[in-house]
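Containing mmCIF, C-alpha atoms: data06.cif.
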```cif
data_data
#
loop_
_atom_site.label_atom_id
_atom_site.label_comp_id
_atom_site.auth_asym_id
_atom_site.auth_seq_id
_atom_site.Cartn_x
_atom_site.Cartn_y
_atom_site.Cartn_z
CA MET A 100 0.00 0.00 0.00
CA ALA A 101 2.69 2.46 0.99
CA GLY A 102 4.93 1.35 -1.84
CA HIS A 103 2.10 1.88 -4.32
CA LEU A 104 1.50 5.39 -2.96
CA LEU A 105 5.18 6.22 -3.26
CA LYS A 106 5.16 5.03 -6.86
CA CYS A 107 2.21 7.29 -7.71
CA LEU A 108 3.95 10.25 -6.14
CA THR A 109 7.13 9.59 -8.14
CA ASP A 110 5.19 9.37 -11.40
CA ALA A 111 3.33 12.60 -10.66
CA LEU A 112 6.56 14.43 -9.83
CA GLY A 113 8.15 13.14 -13.00
CA LYS A 114 5.22 14.37 -15.10
CA PHE A 115 5.26 17.77 -13.38
CA GLU A 116 8.95 18.12 -14.08
CA TYR A 117 8.53 17.07 -17.71
CA VAL A 118 5.59 19.37 -18.42
CA TYR A 119 6.53 22.54 -16.50
CA LEU A 120 10.19 22.56 -15.59
CA THR A 121 11.91 21.14 -18.72
CA PRO A 122 10.70 24.00 -20.97
CA LEU A 123 12.28 26.40 -18.54
CA LEU A 124 15.38 24.46 -17.64
CA ARG A 125 15.87 22.61 -20.97
CA ARG A 126 17.18 19.54 -19.28
CA PRO A 127 15.67 16.08 -19.69
CA PRO A 128 14.19 14.70 -16.51
CA THR A 129 15.93 11.66 -15.21
CA PRO A 130 15.24 9.61 -12.14
CA GLN A 131 18.36 11.20 -10.54
CA TRP A 132 16.64 14.59 -10.44
CA ILE A 133 13.97 13.35 -8.17
CA PRO A 134 15.81 12.79 -4.83
CA LEU A 135 12.62 11.89 -3.07
CA VAL A 136 12.44 8.77 -5.12
CA VAL A 137 14.56 5.96 -3.88
CA HIS A 138 13.73 2.34 -4.57
CA PRO A 139 16.33 0.32 -2.75
CA HIS A 140 14.38 -2.88 -2.85
CA GLN A 141 12.80 -2.74 -6.30
CA GLN A 142 15.05 -3.48 -9.20
CA LEU A 143 14.41 -2.30 -12.73
CA ILE A 144 15.33 -5.60 -14.37
CA GLU A 145 13.93 -8.78 -12.93
CA LYS A 146 16.27 -11.70 -13.32
CA ASP A 147 14.59 -14.91 -14.40
CA ALA A 148 15.79 -18.29 -13.35
CA SER A 149 15.39 -19.64 -16.97
CA PHE A 150 16.65 -17.75 -20.06
CA ASP A 151 14.45 -17.71 -23.19
CA ILE A 152 16.52 -17.55 -26.41
CA LYS A 153 13.75 -15.78 -28.27
CA SER A 154 14.19 -12.76 -26.03
CA ILE A 155 17.29 -11.85 -28.01
CA PHE A 156 15.02 -10.96 -30.96
CA ASP A 157 13.18 -8.34 -28.96
CA GLY A 158 15.90 -5.81 -29.66
CA PHE A 159 17.82 -5.17 -32.90
CA LEU A 160 19.40 -8.26 -34.43
CA TRP A 161 20.57 -7.95 -37.98
CA GLY A 162 22.09 -10.38 -40.46
CA VAL A 163 25.69 -11.18 -39.93
CA PRO A 164 28.08 -13.27 -42.02
CA THR A 165 28.09 -16.89 -41.00
CA CYS A 166 30.88 -18.07 -43.27
CA ARG A 167 34.05 -16.51 -44.56
CA ARG A 168 33.85 -15.60 -48.28
CA SER A 169 36.21 -17.73 -50.27
CA VAL A 170 38.87 -16.09 -52.43
CA GLU A 171 37.12 -17.35 -55.58
CA LYS A 172 33.91 -15.57 -54.64
CA ARG A 173 35.78 -12.43 -53.73
CA MET A 174 37.67 -12.39 -57.01
CA MET A 175 34.47 -13.01 -58.98
CA ARG A 176 32.71 -10.06 -57.35
CA LYS A 177 35.69 -7.78 -57.74
CA TYR A 178 36.93 -8.59 -61.23
CA GLY A 179 34.09 -10.53 -62.88
CA ALA A 180 34.78 -13.17 -65.51
CA PRO A 181 35.50 -12.97 -69.27
CA ASN A 182 32.46 -15.07 -70.23
CA TRP A 183 30.23 -13.33 -67.69
CA HIS A 184 30.24 -9.66 -66.67
CA ASN A 185 33.83 -8.54 -67.04
CA LYS A 186 34.62 -5.74 -64.62
CA LEU A 187 38.15 -5.19 -65.90
CA ILE A 188 38.81 -2.20 -68.15
CA LEU A 189 40.24 -3.71 -71.32
CA PRO A 190 41.88 -1.82 -74.19
CA ARG A 191 39.80 -1.44 -77.33
CA LYS A 192 41.45 -3.24 -80.20
CA ASP A 193 38.61 -2.70 -82.67
CA ILE A 194 39.51 0.88 -83.59
CA LYS A 195 41.11 1.15 -87.02
CA SER A 196 42.37 3.95 -89.23
CA CYS A 197 40.53 4.71 -92.43
CA GLY A 198 42.60 4.04 -95.54
CA SER A 199 41.22 6.99 -97.49
CA CYS A 200 41.02 9.81 -94.93
CA GLY A 201 43.14 8.65 -91.98
CA HIS A 202 40.50 9.20 -89.31
CA ASN A 203 39.74 6.51 -86.75
CA TYR A 204 36.66 4.36 -86.97
CA GLU A 205 35.19 1.34 -85.21
CA ALA A 206 35.72 -1.96 -86.98
CA GLY A 207 32.54 -3.13 -88.68
CA ARG A 208 31.18 0.43 -88.92
CA LEU A 209 31.66 3.29 -91.34
CA CYS A 210 34.38 5.91 -91.06
CA PRO A 211 32.61 9.00 -89.60
CA ASN A 212 34.63 11.48 -91.65
CA CYS A 213 34.01 9.74 -94.99
CA TYR A 214 30.36 9.10 -94.13
CA SER A 215 29.67 12.72 -93.20
CA LYS A 216 30.83 13.81 -96.67
CA VAL A 217 28.69 11.19 -98.40
CA LYS A 218 25.71 11.98 -96.15
CA ALA A 219 25.85 15.70 -96.93
CA GLU A 220 25.90 15.05 -100.68
CA THR A 221 23.16 12.41 -100.41
CA ILE A 222 20.85 14.78 -98.53
CA VAL A 223 21.29 17.45 -101.22
CA LEU A 224 20.55 14.91 -103.96
CA GLN A 225 17.53 13.50 -102.11
CA GLU A 226 16.01 16.94 -101.57
CA LYS A 227 16.39 17.76 -105.25
CA MET A 228 15.01 14.37 -106.27
CA VAL A 229 11.93 14.69 -104.03
CA GLU A 230 11.35 18.25 -105.20
CA GLU A 231 11.67 17.19 -108.84
CA LEU A 232 9.40 14.14 -108.62
CA GLY A 233 6.77 15.65 -106.32
CA LEU A 234 3.52 13.77 -105.78
CA ASP A 235 3.06 12.58 -109.37
CA PRO A 236 3.27 8.81 -109.97
CA ILE A 237 6.91 7.79 -110.25
CA ASP A 238 7.52 5.51 -113.21
CA LYS A 239 11.16 6.15 -114.22
CA GLU A 240 14.62 5.76 -112.74
CA ILE A 241 16.67 8.84 -111.81
CA ALA A 242 19.70 10.16 -113.72
CA ILE A 243 21.65 12.82 -111.85
CA VAL A 244 23.35 15.43 -114.02
CA TYR A 245 25.71 17.92 -112.41
CA GLN A 246 26.59 21.40 -113.58
CA GLY A 247 28.96 21.52 -116.52
CA GLU A 248 28.48 17.89 -117.55
CA LYS A 249 27.97 17.20 -121.22
CA ASN A 250 24.20 17.03 -121.65
CA GLN A 251 23.12 14.46 -124.19
CA PHE A 252 19.86 16.31 -124.72
CA ASP A 253 19.75 19.80 -126.14
CA ASP A 254 16.19 20.68 -125.34
CA GLU A 255 15.84 21.88 -121.75
CA PHE A 256 12.24 20.75 -121.52
CA PHE A 257 13.03 17.23 -122.65
CA LYS A 258 13.41 15.74 -119.21
CA VAL A 259 13.82 12.12 -120.12
CA TYR A 260 17.24 10.71 -121.00
CA HIS A 261 17.53 7.06 -122.02
CA GLY A 262 14.23 6.34 -120.26
CA LYS A 263 15.41 8.05 -117.07
CA ARG A 264 14.09 11.11 -115.35
CA VAL A 265 16.82 13.74 -115.16
CA VAL A 266 17.56 15.57 -111.95
CA GLN A 267 19.69 18.64 -112.65
CA MET A 268 22.05 19.81 -109.94
CA GLU A 269 23.19 23.44 -109.80
CA LYS A 270 26.56 22.53 -108.38
CA PRO A 271 29.63 20.88 -109.94
CA ARG A 272 30.20 17.18 -109.34
CA PRO A 273 32.29 16.43 -106.22
CA LYS A 274 35.74 15.07 -107.01
CA TRP A 275 35.19 11.86 -105.05
CA PHE A 276 31.83 10.96 -106.67
CA SER A 277 32.85 9.15 -109.79
CA LYS A 278 30.42 9.14 -112.71
CA ASN A 279 31.13 5.69 -113.99
CA LEU A 280 31.15 3.13 -111.22
CA LEU A 281 28.63 0.60 -112.40
CA GLN A 282 29.85 -0.21 -115.89
CA LYS A 283 32.01 -3.31 -116.00
CA SER A 284 35.19 -3.00 -117.93
CA GLY A 285 35.42 -6.74 -118.49
CA PRO A 286 33.18 -9.11 -120.43
CA ASN A 287 29.52 -8.36 -119.77
CA SER A 288 27.10 -11.11 -118.84
CA ASP A 289 24.40 -9.30 -120.84
CA SER A 290 26.39 -9.21 -124.08
CA VAL A 291 25.88 -12.08 -126.48
CA ASN A 292 29.39 -12.82 -127.73
CA GLY A 293 31.10 -11.99 -124.46
CA GLU A 294 32.44 -8.80 -126.02
CA VAL A 295 34.60 -6.64 -123.82
CA THR A 296 33.65 -3.00 -123.35
CA ALA A 297 36.77 -1.00 -122.70
CA ILE A 298 36.26 2.21 -120.72
CA LYS A 299 38.58 5.05 -121.66
CA PRO A 300 40.09 6.97 -118.70
CA HIS A 301 38.27 10.20 -119.53
CA ASP A 302 34.92 8.36 -119.30
CA LEU A 303 35.57 7.33 -115.70
CA GLY A 304 34.66 10.78 -114.44
CA MET B 116 8.92 -35.27 -91.32
CA ASN B 117 8.75 -34.10 -94.91
CA GLN B 118 8.56 -30.34 -95.18
CA ALA B 119 6.65 -29.00 -98.19
CA ASP B 120 8.47 -26.60 -100.49
CA LEU B 121 7.25 -23.29 -99.15
CA SER B 122 9.09 -21.20 -101.70
CA LYS B 123 6.17 -21.77 -104.07
CA LEU B 124 3.72 -20.29 -101.56
CA VAL B 125 5.78 -17.59 -99.86
CA SER B 126 8.69 -15.45 -101.04
CA VAL B 127 12.13 -16.71 -100.11
CA LEU B 128 14.04 -13.71 -98.82
CA LYS B 129 17.79 -13.27 -99.27
CA VAL B 130 17.95 -11.54 -95.89
CA ALA B 131 18.04 -13.21 -92.47
CA VAL B 132 14.79 -12.30 -90.72
CA LYS B 133 14.67 -12.97 -86.98
CA PRO B 134 12.08 -15.56 -85.86
CA LYS B 135 10.63 -13.30 -83.13
CA PRO B 136 9.54 -9.78 -84.12
CA ARG B 137 10.95 -6.91 -82.09
CA LEU B 138 8.43 -5.13 -79.89
CA PHE B 139 8.45 -1.41 -80.59
CA SER B 140 6.25 -0.26 -77.76
CA SER B 141 3.65 2.36 -78.57
CA PRO B 142 0.35 3.45 -76.98
CA GLU B 143 -1.50 1.77 -79.85
CA GLY B 144 0.14 -1.59 -79.24
CA PRO B 145 1.04 -3.93 -82.16
CA ALA B 146 -0.88 -1.71 -84.56
CA GLY B 147 1.32 1.20 -83.51
CA ARG B 148 4.42 -0.90 -84.14
CA LEU B 149 3.24 -1.62 -87.69
CA LYS B 150 2.45 2.05 -88.19
CA LYS B 151 6.03 3.02 -87.21
CA LEU B 152 7.49 0.33 -89.47
CA SER B 153 5.31 1.33 -92.42
CA ALA B 154 6.61 4.90 -92.02
CA THR B 155 10.14 3.52 -92.19
CA VAL B 156 9.41 1.40 -95.27
CA THR B 157 7.72 4.38 -96.98
CA ALA B 158 10.78 6.54 -96.29
CA LEU B 159 13.09 3.83 -97.62
CA VAL B 160 11.18 3.54 -100.91
CA LYS B 161 10.92 7.34 -101.21
CA TYR B 162 14.48 8.37 -100.35
CA GLU B 163 16.28 5.09 -101.25
CA ARG B 164 18.72 5.64 -98.38
CA ILE B 165 17.80 6.38 -94.77
CA GLU B 166 19.77 6.67 -91.55
CA LEU B 167 18.12 5.37 -88.41
CA ASN B 168 18.68 3.18 -85.37
CA TYR B 169 19.76 -0.38 -85.98
CA PRO B 170 16.80 -2.32 -84.47
CA ARG B 171 14.19 -0.40 -86.46
CA ALA B 172 16.30 -0.68 -89.62
CA GLU B 173 16.64 -4.44 -89.28
CA GLU B 174 12.89 -4.92 -88.79
CA ALA B 175 11.97 -2.63 -91.68
CA GLN B 176 14.45 -4.39 -93.95
CA GLY B 177 12.53 -7.67 -93.63
CA TYR B 178 9.20 -6.01 -94.47
CA ALA B 179 10.66 -4.06 -97.39
CA GLU B 180 12.30 -7.17 -98.86
CA ARG B 181 9.03 -9.11 -98.57
CA LEU B 182 7.06 -6.31 -100.24
CA ILE B 183 9.46 -6.01 -103.18
CA SER B 184 9.74 -9.77 -103.52
CA ASP B 185 5.95 -10.19 -103.63
CA ALA B 186 5.68 -7.36 -106.17
CA ILE B 187 8.20 -9.12 -108.41
CA ARG B 188 6.55 -12.53 -108.10
CA ASN B 189 2.92 -11.46 -108.37
CA GLY B 190 2.91 -8.14 -110.19
CA ASP B 191 0.44 -5.29 -109.70
CA CYS B 192 -2.69 -7.13 -110.83
CA HIS B 193 -2.50 -9.46 -107.84
CA LYS B 194 -5.05 -8.24 -105.32
CA HIS B 195 -3.26 -9.15 -102.12
CA THR B 196 0.06 -7.67 -103.28
CA MET B 197 -1.64 -4.40 -104.19
CA GLU B 198 -3.36 -4.31 -100.79
CA MET B 199 -0.03 -4.86 -99.08
CA ALA B 200 1.61 -2.10 -101.13
CA ASP B 201 -1.29 0.19 -100.28
CA TYR B 202 -0.86 -0.58 -96.56
CA TRP B 203 2.90 -0.34 -96.33
CA LEU B 204 3.44 2.70 -98.57
CA ASN B 205 1.76 5.72 -97.05
CA GLU B 206 2.45 7.95 -100.05
CA LYS B 207 0.60 6.61 -103.07
CA GLN B 208 3.03 7.81 -105.76
CA LEU B 209 5.42 5.26 -104.27
CA VAL B 210 3.04 2.40 -105.12
CA HIS B 211 3.67 3.35 -108.76
CA LYS B 212 7.41 3.53 -108.03
CA LEU B 213 7.37 0.03 -106.49
CA PHE B 214 5.75 -1.65 -109.50
CA LYS B 215 7.18 0.50 -112.30
CA VAL B 216 10.70 1.30 -111.10
CA LEU B 217 11.78 -1.14 -108.40
CA VAL B 218 10.35 -4.33 -109.95
CA PRO B 219 12.23 -3.90 -113.27
CA ARG B 220 15.36 -2.88 -111.35
CA TYR B 221 15.33 -6.02 -109.18
CA GLN B 222 13.86 -8.46 -111.67
CA ASN B 223 17.05 -10.45 -112.22
CA TYR B 224 18.65 -9.98 -108.84
CA ASN B 225 19.92 -13.08 -107.05
CA SER B 226 20.88 -11.14 -103.94
CA SER B 227 18.85 -9.06 -101.50
CA PHE B 228 17.34 -5.76 -102.66
CA THR B 229 18.35 -3.74 -99.60
CA ARG B 230 21.64 -3.14 -97.83
CA LEU B 231 21.91 -2.59 -94.09
CA ILE B 232 25.18 -1.02 -92.97
CA HIS B 233 26.30 -0.11 -89.47
CA GLY B 234 26.88 3.63 -89.28
CA PRO B 235 29.37 5.53 -87.15
CA ASN B 236 28.71 5.80 -83.39
CA THR B 237 29.42 8.67 -81.07
CA TYR B 238 30.62 7.47 -77.67
CA PRO B 239 28.89 6.73 -75.30
CA GLY B 240 25.61 6.91 -77.22
CA TYR B 241 22.96 4.32 -77.97
CA GLN B 242 24.50 0.85 -77.82
CA PRO B 243 22.94 -0.77 -80.94
CA GLY B 244 23.95 2.39 -82.78
CA THR B 245 23.07 4.00 -86.06
CA ALA B 246 22.43 2.05 -89.23
CA ILE B 247 21.96 3.04 -92.85
CA LEU B 248 19.32 1.15 -94.80
CA GLU B 249 19.41 1.63 -98.55
CA LEU B 250 17.97 0.14 -101.71
CA LYS B 251 20.60 -1.36 -104.00
CA GLY B 252 21.07 0.41 -107.28
CA ASN B 253 20.41 3.87 -105.85
CA PRO B 254 21.93 6.86 -107.69
CA PHE B 255 23.80 8.23 -104.67
CA PRO B 256 27.55 7.97 -103.92
CA SER B 257 28.43 4.62 -102.38
CA LEU B 258 28.95 4.35 -98.64
CA GLN B 259 31.56 1.65 -98.49
CA PRO B 260 34.91 2.41 -100.06
CA GLU B 261 35.93 0.15 -102.88
CA THR B 262 38.50 -2.44 -101.84
CA HIS B 263 41.54 -1.44 -103.84
CA ASN B 264 43.86 -4.39 -103.96
CA TYR B 265 43.06 -7.71 -105.52
CA HIS B 266 45.72 -10.38 -106.04
CA TYR B 267 44.41 -11.26 -109.50
CA TRP B 268 44.92 -7.78 -110.94
CA LEU B 269 47.56 -7.79 -113.63
CA HIS B 270 50.04 -5.50 -111.93
CA ASN B 271 49.75 -7.47 -108.68
CA VAL B 272 50.35 -10.74 -110.51
CA LEU B 273 53.44 -9.28 -112.21
CA LEU B 274 54.73 -7.89 -108.91
CA GLU B 275 54.32 -11.28 -107.21
CA GLU B 276 56.32 -12.96 -109.96
CA ALA B 277 59.01 -10.27 -109.76
CA LYS B 278 59.25 -10.80 -105.98
CA LYS B 279 59.65 -14.56 -106.44
CA GLU B 280 62.35 -14.03 -109.05
CA PHE B 281 64.22 -11.61 -106.81
CA ARG B 282 64.14 -13.98 -103.85
CA SER B 283 65.29 -16.99 -105.84
CA ALA B 284 68.18 -14.93 -107.33
CA ARG B 285 69.20 -13.82 -103.83
CA GLU B 286 69.17 -17.41 -102.55
CA GLU B 287 71.35 -18.50 -105.49
CA ARG B 288 73.84 -15.75 -104.72
CA ASN B 289 73.91 -16.73 -101.03
CA ALA B 290 74.37 -20.40 -101.95
CA LYS B 291 77.29 -19.46 -104.26
CA THR B 292 79.04 -17.40 -101.57
CA THR B 293 78.68 -20.20 -98.96
CA GLU B 294 80.07 -22.69 -101.49
CA SER B 295 83.04 -20.49 -102.21
CA VAL B 296 83.61 -20.04 -98.45
CA THR B 297 83.47 -23.80 -97.80
CA ALA B 298 85.68 -24.44 -100.87
CA GLY B 299 88.14 -21.79 -99.65
CA ILE B 300 88.34 -23.47 -96.24
#
```
Let's see the structure in the file written out as structure tokens.
Amino acid sequence: MAGHLLKCLTDALGKFEYVYLTPLLRRPPTPQWIPLVVHPHQQLIEKDASFDIKSIFDGFLWGVPTCRRSVEKRMMRKYGAPNWHNKLILPRKDIKSCGSCGHNYEAGRLCPNCYSKVKAETIVLQEKMVEELGLDPIDKEIAIVYQGEKNQFDDEFFKVYHGKRVVQMEKPRPKWFSKNLLQKSGPNSDSVNGEVTAIKPHDLG
Amino acid sequence: MNQADLSKLVSVLKVAVKPKPRLFSSPEGPAGRLKKLSATVTALVKYERIELNYPRAEEAQGYAERLISDAIRNGDCHKHTMEMADYWLNEKQLVHKLFKVLVPRYQNYNSSFTRLIHGPNTYPGYQPGTAILELKGNPFPSLQPETHNYHYWLHNVLLEEAKKEFRSAREERNAKTTESVTAGI
């Protein structure tokens, strides 16, 4: 009875301190600050005769390594494997130099320098071609004629040359775009007797 | 099990088409994928050379090859082929181009009608990279440089023979000097 009363008093004092005095004093209330309260006989932790293992999980218990990681596992995580995910930084041996311009390019891909030239010219040609053909039904192949090239047709309005639709370009032919790339200089499969068509150097373009 | 000869029923393409189609995700689903691919095929027939990403290029190549191949085999009076051309080519002047220009061009071809080339990459960039899809026989400058040295060219043949002659002459001279040395000793 008396012990119970004492306990109530202690609690009340503690609450009073917490609510009114801590805002003023800015110090957390601890049991030490209440000298009236002395529990010589009561102990905070009650010691049991038997120990329950599951009590260890009441607090924080996180995963912990149970076995030492072998060197193989460590090496695999650190460096990877060649047939798996290789974590080593290896030199790139697939970068070659272009034979015509000297710039570097990836093996199996186009040289960026050479391609940019070809792309620029192709875009110009495509624009002109699309503009020329428009939305009318397309029924003929294209023949591209650059500025200054010998025109086989005299009449400007005669737009068909050897059954091809002519696309006139206002610029001179680029040096690297040869005119005659598709004609074979050896015996033609189309020709009957296997006659050889010799291409003179000035016809190569 | 005996497999029937399907080349009589379906076009045999000269291009390796993957067994599973690539999923190009779009809000419209598979129909949206076909819409994107038909835009690519239209552009290919219109411009004859297009630069795009590799996966799309590879898919479109298969469809373009099939379209051209069917046009060659069946012609324009075949109903299904005309319907296909109408579906795949969004601009209708290109339907004329397919049957009047591309079919005569590719009539006697034994190879594929399109060429898919890997374009240059800028590091780091998109891993599959750029590709250039073009119709063969286009009037534009060629992308791949011509390989310049063949062993069967006349000057190369003559040079090889000259090299052989030079080496054999050198060996004879060396043999003579060793003989004279041994004889001298």
Dig up all the protein and nucleic acid residues within 9 Å of (14.0, 6.1, -88.5) in the file frame, using all atoms listed in the file, and format them as a short mmCIF file (atom, residue, chain, number, x, y, z; two decimals) with C-alpha atoms, in the frame of the given file.
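Final file, selection.cif:
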```cif
data_model
loop_
_atom_site.label_atom_id
_atom_site.label_comp_id
_atom_site.auth_asym_id
_atom_site.auth_seq_id
_atom_site.Cartn_x
_atom_site.Cartn_y
_atom_site.Cartn_z
CA LYS B 151 6.03 3.02 -87.21
CA LEU B 152 7.49 0.33 -89.47
CA ALA B 154 6.61 4.90 -92.02
CA THR B 155 10.14 3.52 -92.19
CA ALA B 158 10.78 6.54 -96.29
CA ILE B 165 17.80 6.38 -94.77
CA GLU B 166 19.77 6.67 -91.55
CA LEU B 167 18.12 5.37 -88.41
CA ASN B 168 18.68 3.18 -85.37
CA ARG B 171 14.19 -0.40 -86.46
CA ALA B 172 16.30 -0.68 -89.62
#
```
Next on the checklist: If the cut-off is 9 Å, can you tell me the residues of chain B near chain A, counting all atoms listed in the file? I'd like them as number ranges by chain.
Outcome noted: B: 161-164, 206-217, 220, 232-236, 246, 253-260
Next on the checklist: Between CA of Phe228 (chain B) and CA of Lys251 (chain B), what is the distance in Å, rounded to a tenth?
Outcome noted: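 Value for the CA of Phe228 (chain B)-CA of Lys251 (chain B) distance: 5.6 Å.
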Next on the checklist: Under the rule that only C-alpha atoms are counted, which of B:Leu124, B:Asp185, B:Asn205, B:Asp191 is the nearest residue to Leu149 (chain B)?
Outcome noted: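 Of the candidates, the smallest distance to Leu149 (chain B) is held by B:Asn205.
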Checklist entry - How many Å lie between CA of Leu250 (chain B) and CA of Thr157 (chain B), rounded to one decimal? => result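 Answer for the CA of Leu250 (chain B) to CA of Thr157 (chain B) separation: 12.1 Å.
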Checklist outcome for this item: CA of Lys133 (chain B) sits from CA of Asn225 (chain B) at a separation of 20.7 Å
